[in-house]
Each structure stands twice: as structure tokens, then as C-alpha cells.
Amino acid sequence: MRPLQRLAAAAEALGRNLQSPPMDARGPREVQQAAQAFNAMQQKINEGLAERTRFLAAVSHDLRSPITRLRLRAEMLEPDALRAKFRKDLEEMEHMVASTLDMLTGAHASGPRQTMDINALVHGVAQDMHESSGLPVPVSGQALQPYTGYAQSLRRGLHNLVENALRYAGDAQLHIEDDGQQLRIHVRDHGPGIPAAQRERVLEPFYRMEHSRNADSGGVGLGLSIAQTVAQAHGGELLLREAAGGGLEAVLVLPRQLPL
């Protein structure tokens, strides 16, 4: 039964992270054949996803040219009110294209995992958001030791959580918890929160709650989806819950070691 247990473990690891190491192909002939077939399937899945990502990124990139031309032509429209409406719609389209490219290029973890100073990363994101928004982003707690993961995607996911808090609540607080087994990064705000019935829906790409469907807010519904993808790539999860005293608390839960 041991080869079957190894196959089941490899399947579970693949479900958590498509970049997981290939299955060990050593053993009797039947075990080698099963492992080779499993590894070939993993390679085909990764190649298919990479091709789809390249295709979507190319389409999103190519859309920028016609949008730019439309913006130039819109400047010649009369009257001013009509020109302003066209300009606003085109700006929203351009932002959606840019956000889609951002998701395709930055959300998915790739390459080898690397050891990083998680305290420096969290403080760096807080400082960047403070400089761009002018709002304070305090940080409390600390990691006990460095963390091994995908630094670029982790920074992207945390940046999106803080950006969402500042955009919809006007404030954000970060707290780091580390018990040696799990690393948890809390992003807390004092805004209106998210109703329990919608907390799963807001993790879907391009889903926005009704009260946030305001072009002035600048959101297109990708921030939380990217953060969840980042958490899953690290074998963890993104939790959304009501904060004590009101508001929303988003928690990136990151295991220190990936499950076997």
C-alpha cells in the first residue's frame, strides 16, 4: 500500500500547488509507470495553464492599443459632457486591462521558494502603502524566524489586502503572529466589513459588492482573488472574518512547512 500512499500524497500536493516537485519514480515497474504517468500529467497541466496565461496576457496587452486610439478620438467629441463620459468609460476599461495583466503576471507563484525576512517584507509593504496613500499603516507583532516562500507573489497578495482596507475603510492595521508552525498576517480595518453571506463571493475574480461598484473607488474585483491565490500557492488560506469592534479582518495563514 505504500506506493498508493505516495501517489495520494503527490496528488494532494499537486492540488495545493501545481509547482510541487514531481513524484519519485523509483520502485517496481508498475510503480514507475504510475509515477511517470502522474508526472507527465502534471507537466501537461502546467504547460496548458502557462499557454492560457500567455494567451490572456497577450490579449490584455493588445487591447491597450485600441483603447489608446479611442481615447485620442474621444478628445474630439462634442459636447463636453459626452467627451467626459467616453473618457471615464475608457479609463475604467484601461484600469481593468492593467489589473488583469497584473493578476496574470504577479499572482501565480513560480520558480524556487526562497528564504525571506517576513518582518522586513511586512514593514516594507506598510511603508509603501503609507507613502502612496498618506495614511498610517501601523504594524505589530513579529515573525520568530525567516519564512520560505515566493517573495514577489507574497508581497503582491499582502499589498492587495492593505490596499483594499485603505480604499474601502480608510484605515489598515497589520499584525504578525508566529507560533513556529504557522505564520499569520492579519490585515484589520474599521470599515463597513463584508456580510458573511458574501465572503466567499468576494474571493471570486471580478466580483464586487454592490456598494463598491463605484468607478471612483478604482476597484475591479481582483485584489482578494489574487491574495487567495497567493495563500493557496503557499499551502495556506485566506480567511475573512468580522473584526472585534466592527470592520473586516483578513488573515493570510501560511504554514511553515507544506503538508506531505
# chains A, B, ... in the order shown; residues from 1 in each chain; ligands from 1

$ residues_around --residues "region 187-201 of chain A" --least-positions-apart "2" --cutoff "9 Å" --atoms "only C-alpha atoms" --output "PDB file with N, CA and C atoms, in the first residue's frame"
ATOM      1  N   LEU A 158      -0.218  40.618  -0.051  1.00  0.00           N
ATOM      2  CA  LEU A 158      -0.355  41.468   1.130  1.00  0.00           C
ATOM      3  C   LEU A 158      -0.643  42.910   0.721  1.00  0.00           C
ATOM      4  N   LEU A 161      -4.331  43.283   0.011  1.00  0.00           N
ATOM      5  CA  LEU A 161      -5.173  43.298   1.205  1.00  0.00           C
ATOM      6  C   LEU A 161      -5.138  44.666   1.880  1.00  0.00           C
ATOM      7  N   VAL A 162      -3.941  45.241   1.993  1.00  0.00           N
ATOM      8  CA  VAL A 162      -3.827  46.565   2.622  1.00  0.00           C
ATOM      9  C   VAL A 162      -4.500  47.620   1.743  1.00  0.00           C
ATOM     10  N   ALA A 165      -8.221  47.533   2.222  1.00  0.00           N
ATOM     11  CA  ALA A 165      -8.622  48.112   3.500  1.00  0.00           C
ATOM     12  C   ALA A 165      -8.599  49.630   3.440  1.00  0.00           C
ATOM     13  N   LEU A 166      -7.544  50.195   2.866  1.00  0.00           N
ATOM     14  CA  LEU A 166      -7.444  51.655   2.780  1.00  0.00           C
ATOM     15  C   LEU A 166      -8.506  52.224   1.845  1.00  0.00           C
ATOM     16  N   TYR A 168     -11.590  50.965   0.963  1.00  0.00           N
ATOM     17  CA  TYR A 168     -12.990  50.834   1.343  1.00  0.00           C
ATOM     18  C   TYR A 168     -13.262  51.188   2.805  1.00  0.00           C
ATOM     19  N   ALA A 169     -12.206  51.225   3.632  1.00  0.00           N
ATOM     20  CA  ALA A 169     -12.417  51.535   5.046  1.00  0.00           C
ATOM     21  C   ALA A 169     -11.688  52.806   5.478  1.00  0.00           C
ATOM     22  N   GLY A 170     -10.637  53.188   4.751  1.00  0.00           N
ATOM     23  CA  GLY A 170      -9.904  54.392   5.112  1.00  0.00           C
ATOM     24  C   GLY A 170      -8.841  54.175   6.162  1.00  0.00           C
ATOM     25  N   ASP A 171      -8.618  52.922   6.582  1.00  0.00           N
ATOM     26  CA  ASP A 171      -7.563  52.637   7.553  1.00  0.00           C
ATOM     27  C   ASP A 171      -7.152  51.178   7.421  1.00  0.00           C
ATOM     28  N   ALA A 172      -5.962  50.854   7.923  1.00  0.00           N
ATOM     29  CA  ALA A 172      -5.459  49.478   7.897  1.00  0.00           C
ATOM     30  C   ALA A 172      -4.441  49.299   9.003  1.00  0.00           C
ATOM     31  N   GLN A 173      -4.515  48.161   9.670  1.00  0.00           N
ATOM     32  CA  GLN A 173      -3.559  47.799  10.709  1.00  0.00           C
ATOM     33  C   GLN A 173      -3.050  46.391  10.414  1.00  0.00           C
ATOM     34  N   LEU A 174      -1.745  46.194  10.555  1.00  0.00           N
ATOM     35  CA  LEU A 174      -1.135  44.892  10.307  1.00  0.00           C
ATOM     36  C   LEU A 174      -0.643  44.280  11.609  1.00  0.00           C
ATOM     37  N   HIS A 175      -0.823  42.969  11.720  1.00  0.00           N
ATOM     38  CA  HIS A 175      -0.337  42.257  12.908  1.00  0.00           C
ATOM     39  C   HIS A 175       0.228  40.916  12.468  1.00  0.00           C
ATOM     40  N   ILE A 185      -0.640  36.607   9.055  1.00  0.00           N
ATOM     41  CA  ILE A 185      -0.537  38.057   8.862  1.00  0.00           C
ATOM     42  C   ILE A 185      -1.952  38.621   8.806  1.00  0.00           C
ATOM     43  N   LEU A 203     -14.163  36.530  -3.062  1.00  0.00           N
ATOM     44  CA  LEU A 203     -12.893  35.921  -3.431  1.00  0.00           C
ATOM     45  C   LEU A 203     -12.862  35.504  -4.895  1.00  0.00           C
ATOM     46  N   GLU A 204     -13.999  35.617  -5.578  1.00  0.00           N
ATOM     47  CA  GLU A 204     -14.053  35.279  -6.992  1.00  0.00           C
ATOM     48  C   GLU A 204     -13.512  36.442  -7.825  1.00  0.00           C
ATOM     49  N   PRO A 205     -12.787  36.140  -8.913  1.00  0.00           N
ATOM     50  CA  PRO A 205     -12.259  37.231  -9.755  1.00  0.00           C
ATOM     51  C   PRO A 205     -13.368  38.118 -10.310  1.00  0.00           C
ATOM     52  N   TYR A 207     -15.515  39.931  -8.963  1.00  0.00           N
ATOM     53  CA  TYR A 207     -16.752  40.122  -8.206  1.00  0.00           C
ATOM     54  C   TYR A 207     -16.594  41.324  -7.287  1.00  0.00           C
ATOM     55  N   ARG A 208     -17.583  42.217  -7.330  1.00  0.00           N
ATOM     56  CA  ARG A 208     -17.581  43.385  -6.457  1.00  0.00           C
ATOM     57  C   ARG A 208     -18.934  43.487  -5.780  1.00  0.00           C
ATOM     58  N   MET A 209     -18.922  43.848  -4.517  1.00  0.00           N
ATOM     59  CA  MET A 209     -20.171  44.075  -3.801  1.00  0.00           C
ATOM     60  C   MET A 209     -20.856  45.308  -4.359  1.00  0.00           C
ATOM     61  N   LEU A 240     -11.466  35.522   5.856  1.00  0.00           N
ATOM     62  CA  LEU A 240     -12.144  36.805   6.010  1.00  0.00           C
ATOM     63  C   LEU A 240     -13.144  36.666   7.144  1.00  0.00           C
ATOM     64  N   ARG A 241     -13.082  37.567   8.114  1.00  0.00           N
ATOM     65  CA  ARG A 241     -13.998  37.476   9.250  1.00  0.00           C
ATOM     66  C   ARG A 241     -14.253  38.867   9.814  1.00  0.00           C
ATOM     67  N   GLU A 242     -15.326  38.954  10.577  1.00  0.00           N
ATOM     68  CA  GLU A 242     -15.669  40.228  11.217  1.00  0.00           C
ATOM     69  C   GLU A 242     -14.676  40.519  12.326  1.00  0.00           C
ATOM     70  N   ALA A 243     -14.150  41.720  12.342  1.00  0.00           N
ATOM     71  CA  ALA A 243     -13.185  42.107  13.364  1.00  0.00           C
ATOM     72  C   ALA A 243     -13.896  42.488  14.652  1.00  0.00           C
ATOM     73  N   GLY A 245     -15.196  44.620  17.387  1.00  0.00           N
ATOM     74  CA  GLY A 245     -15.495  46.038  17.408  1.00  0.00           C
ATOM     75  C   GLY A 245     -15.942  46.588  16.073  1.00  0.00           C
ATOM     76  N   GLY A 246     -16.085  45.703  15.066  1.00  0.00           N
ATOM     77  CA  GLY A 246     -16.540  46.135  13.749  1.00  0.00           C
ATOM     78  C   GLY A 246     -15.421  46.216  12.748  1.00  0.00           C
ATOM     79  N   GLY A 247     -15.782  46.148  11.491  1.00  0.00           N
ATOM     80  CA  GLY A 247     -14.779  46.166  10.437  1.00  0.00           C
ATOM     81  C   GLY A 247     -14.476  44.764   9.949  1.00  0.00           C
ATOM     82  N   LEU A 248     -13.477  44.668   9.097  1.00  0.00           N
ATOM     83  CA  LEU A 248     -13.099  43.396   8.490  1.00  0.00           C
ATOM     84  C   LEU A 248     -11.676  43.033   8.881  1.00  0.00           C
ATOM     85  N   GLU A 249     -11.458  41.739   9.092  1.00  0.00           N
ATOM     86  CA  GLU A 249     -10.116  41.229   9.342  1.00  0.00           C
ATOM     87  C   GLU A 249      -9.814  40.157   8.301  1.00  0.00           C
ATOM     88  N   ALA A 250      -8.790  40.393   7.491  1.00  0.00           N
ATOM     89  CA  ALA A 250      -8.321  39.411   6.513  1.00  0.00           C
ATOM     90  C   ALA A 250      -7.033  38.808   7.049  1.00  0.00           C
ATOM     91  N   VAL A 251      -6.956  37.482   7.049  1.00  0.00           N
ATOM     92  CA  VAL A 251      -5.801  36.795   7.640  1.00  0.00           C
ATOM     93  C   VAL A 251      -5.174  35.880   6.590  1.00  0.00           C
ATOM     94  N   LEU A 252      -3.906  36.152   6.289  1.00  0.00           N
ATOM     95  CA  LEU A 252      -3.113  35.243   5.465  1.00  0.00           C
ATOM     96  C   LEU A 252      -2.526  34.174   6.384  1.00  0.00           C
TER      97      LEU A 252
END

$ residues_around --residues "region 14-31 of chain A" --least-positions-apart "6" --cutoff "6 Å" --atoms "only C-alpha atoms" --output "list of chain:residue names"
A:Asn39, A:Ala233, A:Gly235

$ residues_around --residues "region 60-69 of chain A" --least-positions-apart "5" --cutoff "7 Å" --atoms "only C-alpha atoms" --output "ChimeraX atom specification"
/A:90,94,97,101

$ residues_around --residues "Leu183 (chain A)" --least-positions-apart "3" --cutoff "9 Å" --atoms "only C-alpha atoms" --output "list of chain:residue names"
A:Ala143, A:Tyr147, A:Ile176, A:Glu177, A:Asp178, A:Asp179, A:Gly180, A:Leu252, A:Val253, A:Leu254, A:Pro255, A:Arg256

$ atom_distance --atom1 "CA of Ile118 (chain A)" --atom2 "CA of Glu12 (chain A)"
26.8 Å

$ closest_residue --among "A:Ala151, A:Ala35, A:Ala50, A:Leu77" --to "Ala8 (chain A)" --atoms "only C-alpha atoms"
A:Ala35

$ residues_around --residues "region 71-73 of chain A" --least-positions-apart "6" --cutoff "10 Å" --atoms "only C-alpha atoms" --output "PyMOL selection string"
chain A and resi 65+83+86-91

$ decode --residues "region 46-182 of chain A" --atoms "C-alpha atoms" --output "JSON list (two decimals), in the first residue's frame"
[["chain", "number", "residue", "atom", "x", "y", "z"],
["A", 46, "ASN", "CA", 1.39, 23.27, -16.15],
["A", 47, "GLU", "CA", 2.04, 23.71, -19.87],
["A", 48, "GLY", "CA", -1.68, 24.19, -20.54],
["A", 49, "LEU", "CA", -2.03, 26.78, -17.80],
["A", 50, "ALA", "CA", 1.11, 28.58, -18.94],
["A", 51, "GLU", "CA", -0.22, 28.71, -22.51],
["A", 52, "ARG", "CA", -3.59, 30.05, -21.34],
["A", 53, "THR", "CA", -1.87, 32.67, -19.20],
["A", 54, "ARG", "CA", 0.31, 33.78, -22.13],
["A", 55, "PHE", "CA", -2.75, 33.99, -24.37],
["A", 56, "LEU", "CA", -4.78, 36.05, -21.90],
["A", 57, "ALA", "CA", -1.81, 38.29, -21.17],
["A", 58, "ALA", "CA", -1.25, 38.87, -24.90],
["A", 59, "VAL", "CA", -4.92, 39.74, -25.45],
["A", 60, "SER", "CA", -4.93, 42.10, -22.48],
["A", 61, "HIS", "CA", -1.73, 43.75, -23.70],
["A", 62, "ASP", "CA", -3.02, 44.16, -27.26],
["A", 63, "LEU", "CA", -6.22, 45.79, -26.01],
["A", 64, "ARG", "CA", -4.19, 48.77, -24.84],
["A", 65, "SER", "CA", -3.56, 50.00, -28.39],
["A", 66, "PRO", "CA", -7.22, 50.33, -29.47],
["A", 67, "ILE", "CA", -8.10, 51.84, -26.08],
["A", 68, "THR", "CA", -5.40, 54.47, -26.60],
["A", 69, "ARG", "CA", -6.73, 55.25, -30.08],
["A", 70, "LEU", "CA", -10.27, 55.55, -28.74],
["A", 71, "ARG", "CA", -9.08, 57.95, -26.05],
["A", 72, "LEU", "CA", -7.47, 60.17, -28.68],
["A", 73, "ARG", "CA", -10.62, 60.15, -30.83],
["A", 74, "ALA", "CA", -12.81, 60.79, -27.81],
["A", 75, "GLU", "CA", -11.00, 64.08, -27.21],
["A", 76, "MET", "CA", -12.53, 65.39, -30.45],
["A", 77, "LEU", "CA", -16.11, 64.62, -29.44],
["A", 78, "GLU", "CA", -18.66, 67.31, -28.74],
["A", 79, "PRO", "CA", -20.24, 68.34, -26.42],
["A", 80, "ASP", "CA", -18.00, 68.33, -23.35],
["A", 81, "ALA", "CA", -20.41, 66.17, -21.34],
["A", 82, "LEU", "CA", -20.31, 63.38, -23.94],
["A", 83, "ARG", "CA", -16.50, 63.59, -24.12],
["A", 84, "ALA", "CA", -16.26, 63.28, -20.34],
["A", 85, "LYS", "CA", -18.45, 60.14, -20.36],
["A", 86, "PHE", "CA", -16.33, 58.48, -23.05],
["A", 87, "ARG", "CA", -13.14, 59.40, -21.20],
["A", 88, "LYS", "CA", -14.45, 57.91, -17.96],
["A", 89, "ASP", "CA", -15.51, 54.62, -19.61],
["A", 90, "LEU", "CA", -12.18, 54.28, -21.41],
["A", 91, "GLU", "CA", -10.25, 54.95, -18.21],
["A", 92, "GLU", "CA", -12.21, 52.19, -16.49],
["A", 93, "MET", "CA", -11.50, 49.78, -19.37],
["A", 94, "GLU", "CA", -7.81, 50.64, -19.24],
["A", 95, "HIS", "CA", -7.72, 50.03, -15.50],
["A", 96, "MET", "CA", -9.40, 46.64, -15.92],
["A", 97, "VAL", "CA", -6.86, 45.62, -18.57],
["A", 98, "ALA", "CA", -3.97, 46.75, -16.37],
["A", 99, "SER", "CA", -5.41, 44.87, -13.37],
["A", 100, "THR", "CA", -5.85, 41.70, -15.43],
["A", 101, "LEU", "CA", -2.23, 41.89, -16.60],
["A", 102, "ASP", "CA", -1.17, 42.47, -13.01],
["A", 103, "MET", "CA", -3.04, 39.37, -11.87],
["A", 104, "LEU", "CA", -1.65, 37.17, -14.67],
["A", 105, "THR", "CA", 1.95, 38.25, -14.15],
["A", 106, "GLY", "CA", 2.11, 38.58, -10.38],
["A", 107, "ALA", "CA", -0.41, 36.36, -8.61],
["A", 108, "HIS", "CA", 0.88, 32.91, -9.51],
["A", 109, "ALA", "CA", 3.96, 31.70, -7.71],
["A", 110, "SER", "CA", 6.72, 30.40, -9.92],
["A", 111, "GLY", "CA", 10.34, 29.44, -9.60],
["A", 112, "PRO", "CA", 12.02, 28.06, -6.47],
["A", 113, "ARG", "CA", 10.91, 29.01, -2.98],
["A", 114, "GLN", "CA", 13.34, 31.33, -1.21],
["A", 115, "THR", "CA", 14.01, 32.29, 2.39],
["A", 116, "MET", "CA", 12.91, 35.84, 3.23],
["A", 117, "ASP", "CA", 12.76, 38.20, 6.19],
["A", 118, "ILE", "CA", 8.98, 38.33, 6.66],
["A", 119, "ASN", "CA", 9.22, 41.19, 9.17],
["A", 120, "ALA", "CA", 11.04, 43.35, 6.63],
["A", 121, "LEU", "CA", 8.54, 42.39, 3.92],
["A", 122, "VAL", "CA", 5.50, 43.34, 6.02],
["A", 123, "HIS", "CA", 7.05, 46.61, 7.18],
["A", 124, "GLY", "CA", 8.08, 47.37, 3.61],
["A", 125, "VAL", "CA", 4.51, 46.92, 2.32],
["A", 126, "ALA", "CA", 3.19, 49.10, 5.16],
["A", 127, "GLN", "CA", 5.71, 51.84, 4.35],
["A", 128, "ASP", "CA", 4.93, 51.70, 0.62],
["A", 129, "MET", "CA", 1.18, 51.99, 1.25],
["A", 130, "HIS", "CA", 1.72, 54.86, 3.70],
["A", 131, "GLU", "CA", 3.77, 56.76, 1.12],
["A", 132, "SER", "CA", 1.24, 56.19, -1.68],
["A", 133, "SER", "CA", -1.91, 56.89, 0.35],
["A", 134, "GLY", "CA", -0.69, 59.32, 3.02],
["A", 135, "LEU", "CA", -2.45, 57.18, 5.64],
["A", 136, "PRO", "CA", -0.60, 55.49, 8.53],
["A", 137, "VAL", "CA", -0.37, 51.67, 8.39],
["A", 138, "PRO", "CA", 0.85, 50.50, 11.81],
["A", 139, "VAL", "CA", 2.46, 47.08, 12.25],
["A", 140, "SER", "CA", 2.56, 45.00, 15.43],
["A", 141, "GLY", "CA", 3.95, 41.57, 16.26],
["A", 142, "GLN", "CA", 6.84, 39.84, 14.57],
["A", 143, "ALA", "CA", 7.87, 36.58, 12.93],
["A", 144, "LEU", "CA", 10.09, 34.33, 15.02],
["A", 145, "GLN", "CA", 12.29, 33.33, 12.10],
["A", 146, "PRO", "CA", 12.62, 33.78, 8.32],
["A", 147, "TYR", "CA", 9.92, 32.31, 6.08],
["A", 148, "THR", "CA", 10.44, 30.19, 2.96],
["A", 149, "GLY", "CA", 8.11, 31.03, 0.08],
["A", 150, "TYR", "CA", 7.58, 33.13, -3.03],
["A", 151, "ALA", "CA", 8.55, 36.67, -2.05],
["A", 152, "GLN", "CA", 7.18, 38.55, -5.05],
["A", 153, "SER", "CA", 3.73, 36.95, -5.00],
["A", 154, "LEU", "CA", 3.51, 37.18, -1.20],
["A", 155, "ARG", "CA", 4.26, 40.89, -1.34],
["A", 156, "ARG", "CA", 1.62, 41.29, -4.07],
["A", 157, "GLY", "CA", -1.04, 39.48, -2.05],
["A", 158, "LEU", "CA", -0.35, 41.47, 1.13],
["A", 159, "HIS", "CA", -0.26, 44.73, -0.83],
["A", 160, "ASN", "CA", -3.71, 43.99, -2.25],
["A", 161, "LEU", "CA", -5.17, 43.30, 1.21],
["A", 162, "VAL", "CA", -3.83, 46.57, 2.62],
["A", 163, "GLU", "CA", -4.92, 48.48, -0.47],
["A", 164, "ASN", "CA", -8.46, 47.11, -0.16],
["A", 165, "ALA", "CA", -8.62, 48.11, 3.50],
["A", 166, "LEU", "CA", -7.44, 51.65, 2.78],
["A", 167, "ARG", "CA", -9.75, 52.02, -0.22],
["A", 168, "TYR", "CA", -12.99, 50.83, 1.34],
["A", 169, "ALA", "CA", -12.42, 51.54, 5.05],
["A", 170, "GLY", "CA", -9.90, 54.39, 5.11],
["A", 171, "ASP", "CA", -7.56, 52.64, 7.55],
["A", 172, "ALA", "CA", -5.46, 49.48, 7.90],
["A", 173, "GLN", "CA", -3.56, 47.80, 10.71],
["A", 174, "LEU", "CA", -1.13, 44.89, 10.31],
["A", 175, "HIS", "CA", -0.34, 42.26, 12.91],
["A", 176, "ILE", "CA", 2.10, 39.34, 12.60],
["A", 177, "GLU", "CA", 1.61, 36.09, 14.54],
["A", 178, "ASP", "CA", 4.06, 33.19, 14.50],
["A", 179, "ASP", "CA", 3.83, 30.05, 16.60],
["A", 180, "GLY", "CA", 6.59, 28.17, 14.80],
["A", 181, "GLN", "CA", 4.10, 26.03, 12.87],
["A", 182, "GLN", "CA", 2.00, 28.70, 11.18]]
